>>> print(open('start13.tsv').read())   # TSV, C-alpha atoms
chain	number	residue	atom	x	y	z
A	1013	MET	CA	-27.51	6.38	11.48
A	1014	GLN	CA	-27.82	3.23	9.35
A	1015	ILE	CA	-24.83	1.13	10.32
A	1016	LEU	CA	-24.77	-1.52	7.56
A	1017	PRO	CA	-24.77	0.86	4.56
A	1018	ILE	CA	-21.99	2.94	6.15
A	1019	VAL	CA	-19.87	-0.15	6.85
A	1020	LEU	CA	-20.40	-1.45	3.32
A	1021	ALA	CA	-19.53	1.93	1.78
A	1022	ALA	CA	-16.40	2.12	3.94
A	1023	VAL	CA	-15.27	-1.45	3.19
A	1024	ALA	CA	-16.09	-1.65	-0.53
A	1025	PRO	CA	-13.25	0.55	-1.89
A	1026	GLY	CA	-10.54	-1.42	-0.09
A	1027	LEU	CA	-11.88	-4.80	-1.16
A	1028	SER	CA	-12.39	-3.62	-4.74
A	1029	LEU	CA	-8.82	-2.34	-5.03
A	1030	LEU	CA	-7.47	-5.51	-3.42
A	1031	ALA	CA	-9.38	-7.64	-5.95
A	1032	TYR	CA	-8.05	-5.47	-8.79
A	1033	PHE	CA	-4.39	-5.89	-7.84
A	1034	TYR	CA	-4.86	-9.55	-6.91
A	1035	LEU	CA	-6.22	-10.32	-10.36
A	1036	LYS	CA	-3.43	-8.39	-12.09
A	1037	ASP	CA	-1.10	-11.29	-11.24
A	1038	LYS	CA	-0.71	-12.84	-14.71
A	1039	TYR	CA	1.04	-16.11	-13.91
A	1040	GLU	CA	0.12	-17.55	-10.52
A	1041	THR	CA	-2.38	-15.97	-8.14
A	1042	GLU	CA	-1.48	-16.10	-4.45
A	1043	PRO	CA	-3.21	-18.38	-1.90
A	1044	ILE	CA	-6.36	-16.45	-1.04
A	1045	HIS	CA	-6.17	-17.44	2.64
A	1046	LEU	CA	-2.71	-15.87	2.89
A	1047	VAL	CA	-3.86	-12.66	1.18
A	1048	ILE	CA	-6.84	-12.44	3.57
A	1049	ARG	CA	-4.51	-13.05	6.51
A	1050	MET	CA	-2.29	-10.16	5.45
A	1051	PHE	CA	-5.36	-7.96	4.98
A	1052	LEU	CA	-6.38	-8.78	8.56
A	1053	PHE	CA	-2.88	-8.02	9.80
A	1054	GLY	CA	-3.30	-4.61	8.19
A	1055	VAL	CA	-6.56	-4.16	10.11
A	1056	LEU	CA	-4.85	-5.16	13.37
A	1057	LEU	CA	-2.06	-2.63	12.80
A	1058	VAL	CA	-4.42	0.32	13.19
A	1059	TYR	CA	-4.69	0.27	16.98
A	1060	PRO	CA	-0.96	-0.09	17.86
A	1061	THR	CA	-0.17	2.53	15.22
A	1062	MET	CA	-2.63	4.97	16.79
A	1063	VAL	CA	-1.15	4.32	20.25
A	1064	LEU	CA	2.37	4.96	18.93
A	1065	GLN	CA	1.25	8.08	17.07
A	1066	ASN	CA	-0.40	9.49	20.19
A	1067	ALA	CA	2.76	8.83	22.21
A	1068	LEU	CA	4.88	10.65	19.62
A	1069	VAL	CA	2.46	13.59	19.54
A	1070	GLN	CA	3.20	14.09	23.24
A	1071	GLU	CA	6.91	14.07	22.46
A	1072	PHE	CA	7.15	16.04	19.20
A	1073	GLY	CA	3.85	17.91	18.82
A	1074	GLU	CA	1.66	18.07	15.71
A	1075	GLY	CA	3.35	20.41	13.25
A	1076	THR	CA	2.47	20.00	9.58
A	1077	PHE	CA	5.80	18.41	8.62
A	1078	ILE	CA	5.97	16.18	11.73
A	1079	SER	CA	2.37	15.04	11.30
A	1080	SER	CA	2.84	14.25	7.62
A	1081	PHE	CA	6.24	12.61	7.40
A	1082	LEU	CA	6.69	11.14	10.90
A	1083	LEU	CA	3.34	10.52	12.57
A	1084	SER	CA	1.43	9.50	9.45
A	1085	GLY	CA	3.79	8.50	6.65
A	1086	GLY	CA	6.66	7.33	8.84
A	1087	ILE	CA	4.86	5.30	11.47
A	1088	GLU	CA	2.14	3.81	9.25
A	1089	GLU	CA	4.44	2.71	6.44
A	1090	PHE	CA	7.06	1.37	8.83
A	1091	MET	CA	4.46	-0.78	10.62
A	1092	LYS	CA	3.25	-2.22	7.31
A	1093	TRP	CA	6.81	-2.83	6.13
A	1094	PHE	CA	7.73	-4.52	9.43
A	1095	VAL	CA	4.86	-7.00	9.09
A	1096	LEU	CA	5.68	-7.76	5.46
A	1097	TYR	CA	9.39	-8.19	6.05
A	1098	HIS	CA	8.97	-10.56	9.00
A	1099	LEU	CA	5.95	-12.56	7.83
A	1100	ILE	CA	6.12	-12.60	4.02
A	1101	PHE	CA	9.57	-11.73	2.69
A	1102	ARG	CA	10.99	-15.24	3.28
A	1103	HIS	CA	7.67	-17.09	2.93
A	1104	GLU	CA	7.63	-19.91	0.35
A	1105	ALA	CA	4.53	-18.42	-1.28
A	1106	PHE	CA	6.55	-15.32	-2.21
A	1107	ASP	CA	7.99	-16.95	-5.33
A	1108	GLU	CA	7.79	-14.19	-7.96
A	1109	PRO	CA	8.30	-10.40	-7.90
A	1110	TYR	CA	4.61	-9.52	-8.28
A	1111	ASP	CA	3.77	-11.39	-5.06
A	1112	GLY	CA	5.34	-8.58	-3.07
A	1113	ILE	CA	2.80	-6.19	-4.57
A	1114	VAL	CA	-0.15	-8.44	-3.72
A	1115	TYR	CA	0.82	-8.87	-0.07
A	1116	ALA	CA	1.84	-5.24	0.45
A	1117	VAL	CA	-1.43	-4.03	-1.06
A	1118	ALA	CA	-3.35	-6.47	1.17
A	1119	VAL	CA	-1.71	-5.10	4.33
A	1120	SER	CA	-2.11	-1.50	3.18
A	1121	LEU	CA	-5.77	-1.89	2.29
A	1122	GLY	CA	-6.53	-3.75	5.50
A	1123	TYR	CA	-5.16	-0.75	7.35
A	1124	ALA	CA	-6.98	1.74	5.09
A	1125	THR	CA	-10.30	-0.12	5.39
A	1126	LEU	CA	-10.47	-0.01	9.19
A	1127	GLU	CA	-9.26	3.60	9.10
A	1128	ASN	CA	-12.10	4.34	6.68
A	1129	ILE	CA	-14.68	2.67	8.94
A	1130	ILE	CA	-13.45	4.65	11.95
A	1131	TYR	CA	-13.60	7.87	9.92
A	1132	ALA	CA	-17.14	7.08	8.77
A	1133	PHE	CA	-18.50	6.63	12.31
A	1134	LEU	CA	-16.54	9.42	13.99
A	1135	ASN	CA	-17.50	11.96	11.35
A	1136	ALA	CA	-20.98	10.66	10.49
A	1137	ALA	CA	-19.73	10.57	6.91
A	1138	SER	CA	-22.10	10.73	3.97
A	1139	PHE	CA	-21.88	8.36	1.01
A	1140	SER	CA	-20.29	11.11	-1.12
A	1141	ALA	CA	-17.65	11.77	1.55
A	1142	LEU	CA	-16.78	8.08	1.61
A	1143	MET	CA	-16.48	8.02	-2.17
A	1144	ILE	CA	-14.02	10.93	-2.01
A	1145	ARG	CA	-12.03	8.96	0.56
A	1146	ALA	CA	-12.12	5.96	-1.78
A	1147	LEU	CA	-10.57	8.06	-4.55
A	1148	LEU	CA	-7.96	9.61	-2.28
A	1149	PRO	CA	-6.80	8.10	1.06
A	1150	VAL	CA	-7.87	4.50	0.38
A	1151	SER	CA	-6.48	4.38	-3.15
A	1152	ALA	CA	-3.35	6.21	-1.95
A	1153	HIS	CA	-2.72	3.44	0.60
A	1154	ALA	CA	-2.98	0.93	-2.25
A	1155	LEU	CA	-0.49	2.90	-4.35
A	1156	PHE	CA	1.98	3.11	-1.46
A	1157	GLY	CA	1.50	-0.64	-1.03
A	1158	VAL	CA	2.35	-1.30	-4.69
A	1159	MET	CA	5.48	0.82	-4.27
A	1160	MET	CA	6.52	-1.09	-1.14
A	1161	GLY	CA	5.76	-4.51	-2.60
A	1162	TYR	CA	7.50	-3.78	-5.89
A	1163	TYR	CA	10.80	-3.05	-4.18
A	1164	LEU	CA	10.39	-5.94	-1.74
A	1165	GLY	CA	10.08	-8.15	-4.82
A	1166	LYS	CA	13.25	-6.66	-6.30
A	1167	ALA	CA	15.06	-7.12	-2.97
A	1168	LYS	CA	14.13	-10.80	-2.91
A	1169	PHE	CA	14.87	-11.63	-6.54
A	1170	VAL	CA	17.89	-9.38	-7.10
A	1171	PRO	CA	19.86	-10.53	-4.04
A	1172	ASN	CA	23.06	-8.67	-4.90
A	1173	LYS	CA	21.11	-5.39	-4.50
A	1174	ALA	CA	18.80	-6.58	-1.73
A	1175	GLN	CA	19.91	-4.02	0.85
A	1176	LYS	CA	19.35	-1.09	-1.49
A	1177	TYR	CA	15.90	-2.28	-2.56
A	1178	LEU	CA	14.84	-2.98	1.04
A	1179	TRP	CA	15.59	0.65	1.87
A	1180	PHE	CA	13.65	1.75	-1.21
A	1181	SER	CA	10.69	-0.42	-0.14
A	1182	LEU	CA	10.52	1.48	3.16
A	1183	LEU	CA	11.65	5.02	2.37
A	1184	LEU	CA	9.76	5.65	-0.88
A	1185	PRO	CA	6.31	4.85	0.61
A	1186	ILE	CA	7.17	6.99	3.65
A	1187	PHE	CA	8.11	9.91	1.40
A	1188	TRP	CA	5.03	9.70	-0.83
A	1189	HIS	CA	2.65	9.08	2.07
A	1190	GLY	CA	4.17	12.04	3.89
A	1191	LEU	CA	3.88	14.23	0.79
A	1192	PHE	CA	0.24	13.17	0.32
A	1193	ASP	CA	-0.65	14.24	3.88
A	1194	TYR	CA	1.48	17.38	3.67
A	1195	ILE	CA	-0.46	18.56	0.61
A	1196	LEU	CA	-3.77	18.07	2.44
A	1197	LEU	CA	-2.57	19.93	5.54
A	1198	PHE	CA	-0.58	22.71	3.88
A	1199	PHE	CA	-2.82	23.71	0.98
A	1200	LYS	CA	-6.10	23.38	2.90
A	1201	SER	CA	-8.86	24.61	0.54
A	1202	ASN	CA	-6.81	24.42	-2.69
A	1203	TRP	CA	-5.25	20.99	-2.17
A	1204	ILE	CA	-7.23	19.39	-5.02
A	1205	TRP	CA	-5.24	21.30	-7.69
A	1206	VAL	CA	-1.99	19.89	-6.34
A	1207	MET	CA	-3.36	16.43	-5.54
A	1208	ILE	CA	-4.72	15.67	-9.01
A	1209	PRO	CA	-1.30	15.72	-10.78
A	1210	VAL	CA	0.34	13.90	-7.85
A	1211	MET	CA	-2.24	11.09	-7.88
A	1212	THR	CA	-2.11	10.90	-11.68
A	1213	PHE	CA	1.66	10.49	-11.54
A	1214	LEU	CA	1.39	7.83	-8.81
A	1215	TRP	CA	-1.20	5.84	-10.76
A	1216	ILE	CA	0.93	5.94	-13.93
A	1217	ARG	CA	3.97	4.74	-11.99
A	1218	THR	CA	1.86	2.08	-10.28
A	1219	ILE	CA	0.66	0.59	-13.56
A	1220	TRP	CA	4.27	0.65	-14.79
A	1221	ARG	CA	5.44	-1.20	-11.65
A	1222	VAL	CA	2.66	-3.78	-12.00
A	1223	ASP	CA	3.67	-4.46	-15.60
A	1224	ARG	CA	7.38	-4.57	-14.75
A	1225	ALA	CA	6.87	-6.97	-11.84
A	1226	ASN	CA	4.83	-9.33	-14.03
A	1227	ALA	CA	7.40	-9.07	-16.84
A	1228	HIS	CA	10.19	-10.22	-14.51
A	1229	SER	CA	8.32	-13.23	-13.16
A	1230	PRO	CA	10.29	-16.50	-13.48
A	1231	LEU	CA	6.91	-18.14	-14.11
A	1232	ARG	CA	6.63	-16.12	-17.33
A	1233	VAL	CA	9.58	-18.05	-18.77
A	1234	ALA	CA	8.12	-21.37	-17.62
A	1235	SER	CA	4.78	-20.51	-19.18
A	1236	ALA	CA	6.45	-19.61	-22.49
A	1237	ASP	CA	8.40	-22.89	-22.47
A	1238	GLU	CA	5.21	-24.88	-21.89
A	1239	LYS	CA	3.53	-23.16	-24.84
A	1240	ILE	CA	6.50	-24.02	-27.08
A	1241	LYS	CA	6.38	-27.68	-26.01
A	1242	MET	CA	2.64	-27.88	-26.60
A	1243	SER	CA	3.03	-26.44	-30.08
>>> encode(input="start13.tsv", output="C-alpha cells")
Amino acid sequence: MQILPIVLAAVAPGLSLLAYFYLKDKYETEPIHLVIRMFLFGVLLVYPTMVLQNALVQEFGEGTFISSFLLSGGIEEFMKWFVLYHLIFRHEAFDEPYDGIVYAVAVSLGYATLENIIYAFLNAASFSALMIRALLPVSAHALFGVMMGYYLGKAKFVPNKAQKYLWFSLLLPIFWHGLFDYILLFFKSNWIWVMIPVMTFLWIRTIWRVDRANAHSPLRVASADEKIKMS
C-alpha cells in the first residue's frame, strides 16, 4: 500500500472544500491561523467522539435510527457545535455573519478529513472509493457545517432571537446528518436514488445561505460607503 497517495487523496477533498468556502467570504477573509486552528480542533474531535459513540453503543445498541440520529448525527454535530460555541461564538474575529460559516466548515472538514484518512487505511480504499467519499460524506460534513455556521451567525447578529437560532444551529445539522446516514443504512443498494435529490437540495440551500450571510454583512455597508466617498 502506497501511503502518501492515499493520504493525499483522503486529505484533498476536505482542504479543497475549505478553500472554496473560505474564499466565498466577499468582504473580509478570516485570519488563516484561526481557520487552521479550528480545522485542527475538528481533527482532534474524532477520537473523543469515537470513544463516546462506543460507550453509547454499549448502552443503546446499534439500530438504524439510533446509529443515524444519535450515534452519528447527534454526537458528531453536538461535539462540533460545542467547540464552536465555546471557542468562536464570542471571539472578536467573529465580526460578520459569514464568519460563522467559515469556522463551522473548518471544524466539520477537520473532522471529516481525519475520518476519511481512517476509512482509507482501514478499508484499503481505492482512489475511486475516496472520490465517492469526497462527493458524499466529506461534502456532506461541509454542508452541515454551513448550516450550523449560518445559524450561529444569525444568533450572534440578531440577538433578540439568539436562543432560537442557537437551537437551529445545533438541531438542523443533527437532523440532516442523521437523515444522510439513515438513507445509507436503510436503503442499502438503492440509496443513490434517494441521496441524489437530498444532496442536490442541500447544495442549493447551502449556496442560498452563503449568499444570504454575505448579504447581511455589516462590512457590506461599510464597503458601499467607501465606494461612494471615493466617487
>>> residues_around(input="start13.tsv", residues="A:Thr1041", least_positions_apart="6", cutoff="12 Å", atoms="only C-alpha atoms", output="PyMOL selection string")
chain A and resi 1031-1035+1047+1105-1108+1110-1115+1226+1231
>>> atom_distance(input="start13.tsv", atom1="atom CA of A:Phe1156", atom2="atom CA of A:Ser1120")
7.7 Å
>>> atom_distance(input="start13.tsv", atom1="atom CA of A:Ser1151", atom2="atom CA of A:Arg1217")
13.7 Å
>>> atom_distance(input="start13.tsv", atom1="atom CA of A:Gln1065", atom2="atom CA of A:Pro1185")
17.5 Å
>>> residues_near_point(input="start13.tsv", point="(-0.3, 17.1, 3.9)", cutoff="10 Å", atoms="all atoms listed in the file", output="number ranges by chain")
A: 1076-1077, 1079-1081, 1084-1085, 1189-1200, 1203, 1207
>>> closest_residue(input="start13.tsv", among="A:Val1150, A:Leu1178, A:Val1055, A:Ala1227", to="A:Asp1037", atoms="all atoms listed in the file")
A:Ala1227
>>> residues_around(input="start13.tsv", residues="stretch 1157-1162 of chain A", least_positions_apart="3", cutoff="9 Å", atoms="all atoms listed in the file", output="ChimeraX atom specification")
/A:1033,1089,1092-1093,1096,1109-1121,1152-1154,1165-1167,1178,1180-1185,1217-1218,1221-1222,1224-1225
>>> closest_residue(input="start13.tsv", among="A:Tyr1131, A:Pro1149, A:Ser1201, A:Ile1100", to="A:Val1019", atoms="all atoms listed in the file")
A:Tyr1131
>>> closest_residue(input="start13.tsv", among="A:Glu1074, A:Glu1088, A:Trp1179, A:Phe1053", to="A:Tyr1163", atoms="all atoms listed in the file")
A:Trp1179
>>> closest_residue(input="start13.tsv", among="A:Leu1155, A:Phe1169, A:Ile1186, A:Tyr1039", to="A:Trp1215", atoms="only C-alpha atoms")
A:Leu1155
>>> closest_residue(input="start13.tsv", among="A:Ile1044, A:Leu1057, A:His1098, A:Lys1036", to="A:Ile1219", atoms="all atoms listed in the file")
A:Lys1036
>>> closest_residue(input="start13.tsv", among="A:Leu1083, A:Gly1122, A:Val1095, A:Ala1024", to="A:Ile1048", atoms="all atoms listed in the file")
A:Gly1122
>>> decode(input="start13.tsv", residues="stretch 1184-1211 of chain A", atoms="N, CA, C and O atoms", output="PDB file, in the first residue's frame")
ATOM      1  N   LEU A1184     -30.700  21.461  13.404  1.00  0.00           N
ATOM      2  CA  LEU A1184     -30.800  21.233  11.959  1.00  0.00           C
ATOM      3  C   LEU A1184     -29.652  20.372  11.420  1.00  0.00           C
ATOM      4  O   LEU A1184     -29.896  19.423  10.667  1.00  0.00           O
ATOM      5  N   PRO A1185     -28.384  20.647  11.786  1.00  0.00           N
ATOM      6  CA  PRO A1185     -27.311  19.744  11.345  1.00  0.00           C
ATOM      7  C   PRO A1185     -27.488  18.317  11.870  1.00  0.00           C
ATOM      8  O   PRO A1185     -27.191  17.352  11.154  1.00  0.00           O
ATOM      9  N   ILE A1186     -27.956  18.170  13.113  1.00  0.00           N
ATOM     10  CA  ILE A1186     -28.198  16.826  13.649  1.00  0.00           C
ATOM     11  C   ILE A1186     -29.243  16.095  12.800  1.00  0.00           C
ATOM     12  O   ILE A1186     -29.065  14.923  12.433  1.00  0.00           O
ATOM     13  N   PHE A1187     -30.325  16.804  12.476  1.00  0.00           N
ATOM     14  CA  PHE A1187     -31.387  16.170  11.681  1.00  0.00           C
ATOM     15  C   PHE A1187     -30.874  15.741  10.309  1.00  0.00           C
ATOM     16  O   PHE A1187     -31.075  14.594   9.882  1.00  0.00           O
ATOM     17  N   TRP A1188     -30.213  16.659   9.597  1.00  0.00           N
ATOM     18  CA  TRP A1188     -29.777  16.344   8.237  1.00  0.00           C
ATOM     19  C   TRP A1188     -28.648  15.317   8.217  1.00  0.00           C
ATOM     20  O   TRP A1188     -28.600  14.462   7.321  1.00  0.00           O
ATOM     21  N   HIS A1189     -27.757  15.385   9.189  1.00  0.00           N
ATOM     22  CA  HIS A1189     -26.702  14.373   9.291  1.00  0.00           C
ATOM     23  C   HIS A1189     -27.327  13.013   9.578  1.00  0.00           C
ATOM     24  O   HIS A1189     -26.958  11.995   8.972  1.00  0.00           O
ATOM     25  N   GLY A1190     -28.284  12.990  10.501  1.00  0.00           N
ATOM     26  CA  GLY A1190     -28.963  11.736  10.808  1.00  0.00           C
ATOM     27  C   GLY A1190     -29.700  11.178   9.604  1.00  0.00           C
ATOM     28  O   GLY A1190     -29.653   9.973   9.332  1.00  0.00           O
ATOM     29  N   LEU A1191     -30.385  12.057   8.863  1.00  0.00           N
ATOM     30  CA  LEU A1191     -31.109  11.619   7.669  1.00  0.00           C
ATOM     31  C   LEU A1191     -30.146  11.071   6.619  1.00  0.00           C
ATOM     32  O   LEU A1191     -30.431  10.045   5.981  1.00  0.00           O
ATOM     33  N   PHE A1192     -29.011  11.738   6.445  1.00  0.00           N
ATOM     34  CA  PHE A1192     -27.992  11.290   5.491  1.00  0.00           C
ATOM     35  C   PHE A1192     -27.568   9.852   5.815  1.00  0.00           C
ATOM     36  O   PHE A1192     -27.557   8.976   4.937  1.00  0.00           O
ATOM     37  N   ASP A1193     -27.225   9.593   7.074  1.00  0.00           N
ATOM     38  CA  ASP A1193     -26.785   8.255   7.468  1.00  0.00           C
ATOM     39  C   ASP A1193     -27.928   7.244   7.402  1.00  0.00           C
ATOM     40  O   ASP A1193     -27.717   6.077   7.047  1.00  0.00           O
ATOM     41  N   TYR A1194     -29.132   7.691   7.744  1.00  0.00           N
ATOM     42  CA  TYR A1194     -30.287   6.790   7.717  1.00  0.00           C
ATOM     43  C   TYR A1194     -30.545   6.293   6.296  1.00  0.00           C
ATOM     44  O   TYR A1194     -30.852   5.115   6.084  1.00  0.00           O
ATOM     45  N   ILE A1195     -30.426   7.184   5.321  1.00  0.00           N
ATOM     46  CA  ILE A1195     -30.608   6.790   3.917  1.00  0.00           C
ATOM     47  C   ILE A1195     -29.603   5.708   3.530  1.00  0.00           C
ATOM     48  O   ILE A1195     -29.955   4.701   2.898  1.00  0.00           O
ATOM     49  N   LEU A1196     -28.336   5.914   3.907  1.00  0.00           N
ATOM     50  CA  LEU A1196     -27.299   4.934   3.564  1.00  0.00           C
ATOM     51  C   LEU A1196     -27.567   3.579   4.209  1.00  0.00           C
ATOM     52  O   LEU A1196     -27.358   2.529   3.592  1.00  0.00           O
ATOM     53  N   LEU A1197     -28.016   3.585   5.461  1.00  0.00           N
ATOM     54  CA  LEU A1197     -28.239   2.335   6.183  1.00  0.00           C
ATOM     55  C   LEU A1197     -29.549   1.648   5.791  1.00  0.00           C
ATOM     56  O   LEU A1197     -29.608   0.419   5.695  1.00  0.00           O
ATOM     57  N   PHE A1198     -30.586   2.433   5.559  1.00  0.00           N
ATOM     58  CA  PHE A1198     -31.911   1.864   5.323  1.00  0.00           C
ATOM     59  C   PHE A1198     -32.079   1.366   3.888  1.00  0.00           C
ATOM     60  O   PHE A1198     -32.624   0.287   3.656  1.00  0.00           O
ATOM     61  N   PHE A1199     -31.612   2.148   2.910  1.00  0.00           N
ATOM     62  CA  PHE A1199     -31.861   1.798   1.516  1.00  0.00           C
ATOM     63  C   PHE A1199     -30.807   0.868   0.925  1.00  0.00           C
ATOM     64  O   PHE A1199     -30.988   0.338  -0.162  1.00  0.00           O
ATOM     65  N   LYS A1200     -29.684   0.722   1.608  1.00  0.00           N
ATOM     66  CA  LYS A1200     -28.628  -0.213   1.219  1.00  0.00           C
ATOM     67  C   LYS A1200     -28.237  -0.046  -0.259  1.00  0.00           C
ATOM     68  O   LYS A1200     -27.601   0.917  -0.622  1.00  0.00           O
ATOM     69  N   SER A1201     -28.656  -0.956  -1.143  1.00  0.00           N
ATOM     70  CA  SER A1201     -28.161  -0.936  -2.521  1.00  0.00           C
ATOM     71  C   SER A1201     -28.775   0.171  -3.375  1.00  0.00           C
ATOM     72  O   SER A1201     -28.207   0.572  -4.387  1.00  0.00           O
ATOM     73  N   ASN A1202     -29.948   0.686  -2.973  1.00  0.00           N
ATOM     74  CA  ASN A1202     -30.625   1.700  -3.806  1.00  0.00           C
ATOM     75  C   ASN A1202     -30.524   3.106  -3.230  1.00  0.00           C
ATOM     76  O   ASN A1202     -31.264   4.004  -3.648  1.00  0.00           O
ATOM     77  N   TRP A1203     -29.597   3.327  -2.302  1.00  0.00           N
ATOM     78  CA  TRP A1203     -29.518   4.614  -1.616  1.00  0.00           C
ATOM     79  C   TRP A1203     -29.220   5.783  -2.558  1.00  0.00           C
ATOM     80  O   TRP A1203     -29.637   6.909  -2.314  1.00  0.00           O
ATOM     81  N   ILE A1204     -28.520   5.507  -3.667  1.00  0.00           N
ATOM     82  CA  ILE A1204     -28.089   6.587  -4.553  1.00  0.00           C
ATOM     83  C   ILE A1204     -29.275   7.366  -5.116  1.00  0.00           C
ATOM     84  O   ILE A1204     -29.215   8.583  -5.300  1.00  0.00           O
ATOM     85  N   TRP A1205     -30.417   6.666  -5.366  1.00  0.00           N
ATOM     86  CA  TRP A1205     -31.578   7.314  -5.980  1.00  0.00           C
ATOM     87  C   TRP A1205     -32.288   8.245  -4.994  1.00  0.00           C
ATOM     88  O   TRP A1205     -33.004   9.159  -5.406  1.00  0.00           O
ATOM     89  N   VAL A1206     -32.099   8.004  -3.712  1.00  0.00           N
ATOM     90  CA  VAL A1206     -32.638   8.900  -2.698  1.00  0.00           C
ATOM     91  C   VAL A1206     -31.628  10.003  -2.369  1.00  0.00           C
ATOM     92  O   VAL A1206     -31.995  11.160  -2.161  1.00  0.00           O
ATOM     93  N   MET A1207     -30.345   9.639  -2.383  1.00  0.00           N
ATOM     94  CA  MET A1207     -29.303  10.574  -1.974  1.00  0.00           C
ATOM     95  C   MET A1207     -29.110  11.716  -2.972  1.00  0.00           C
ATOM     96  O   MET A1207     -28.839  12.854  -2.574  1.00  0.00           O
ATOM     97  N   ILE A1208     -29.250  11.441  -4.242  1.00  0.00           N
ATOM     98  CA  ILE A1208     -29.027  12.486  -5.254  1.00  0.00           C
ATOM     99  C   ILE A1208     -29.954  13.688  -5.039  1.00  0.00           C
ATOM    100  O   ILE A1208     -29.473  14.830  -4.972  1.00  0.00           O
ATOM    101  N   PRO A1209     -31.281  13.495  -4.922  1.00  0.00           N
ATOM    102  CA  PRO A1209     -32.131  14.679  -4.681  1.00  0.00           C
ATOM    103  C   PRO A1209     -31.875  15.339  -3.328  1.00  0.00           C
ATOM    104  O   PRO A1209     -31.972  16.568  -3.218  1.00  0.00           O
ATOM    105  N   VAL A1210     -31.535  14.546  -2.304  1.00  0.00           N
ATOM    106  CA  VAL A1210     -31.249  15.123  -0.990  1.00  0.00           C
ATOM    107  C   VAL A1210     -30.013  16.015  -1.051  1.00  0.00           C
ATOM    108  O   VAL A1210     -30.017  17.152  -0.573  1.00  0.00           O
ATOM    109  N   MET A1211     -28.933  15.508  -1.665  1.00  0.00           N
ATOM    110  CA  MET A1211     -27.702  16.292  -1.768  1.00  0.00           C
ATOM    111  C   MET A1211     -27.885  17.512  -2.665  1.00  0.00           C
ATOM    112  O   MET A1211     -27.325  18.578  -2.404  1.00  0.00           O
TER     113      MET A1211
END
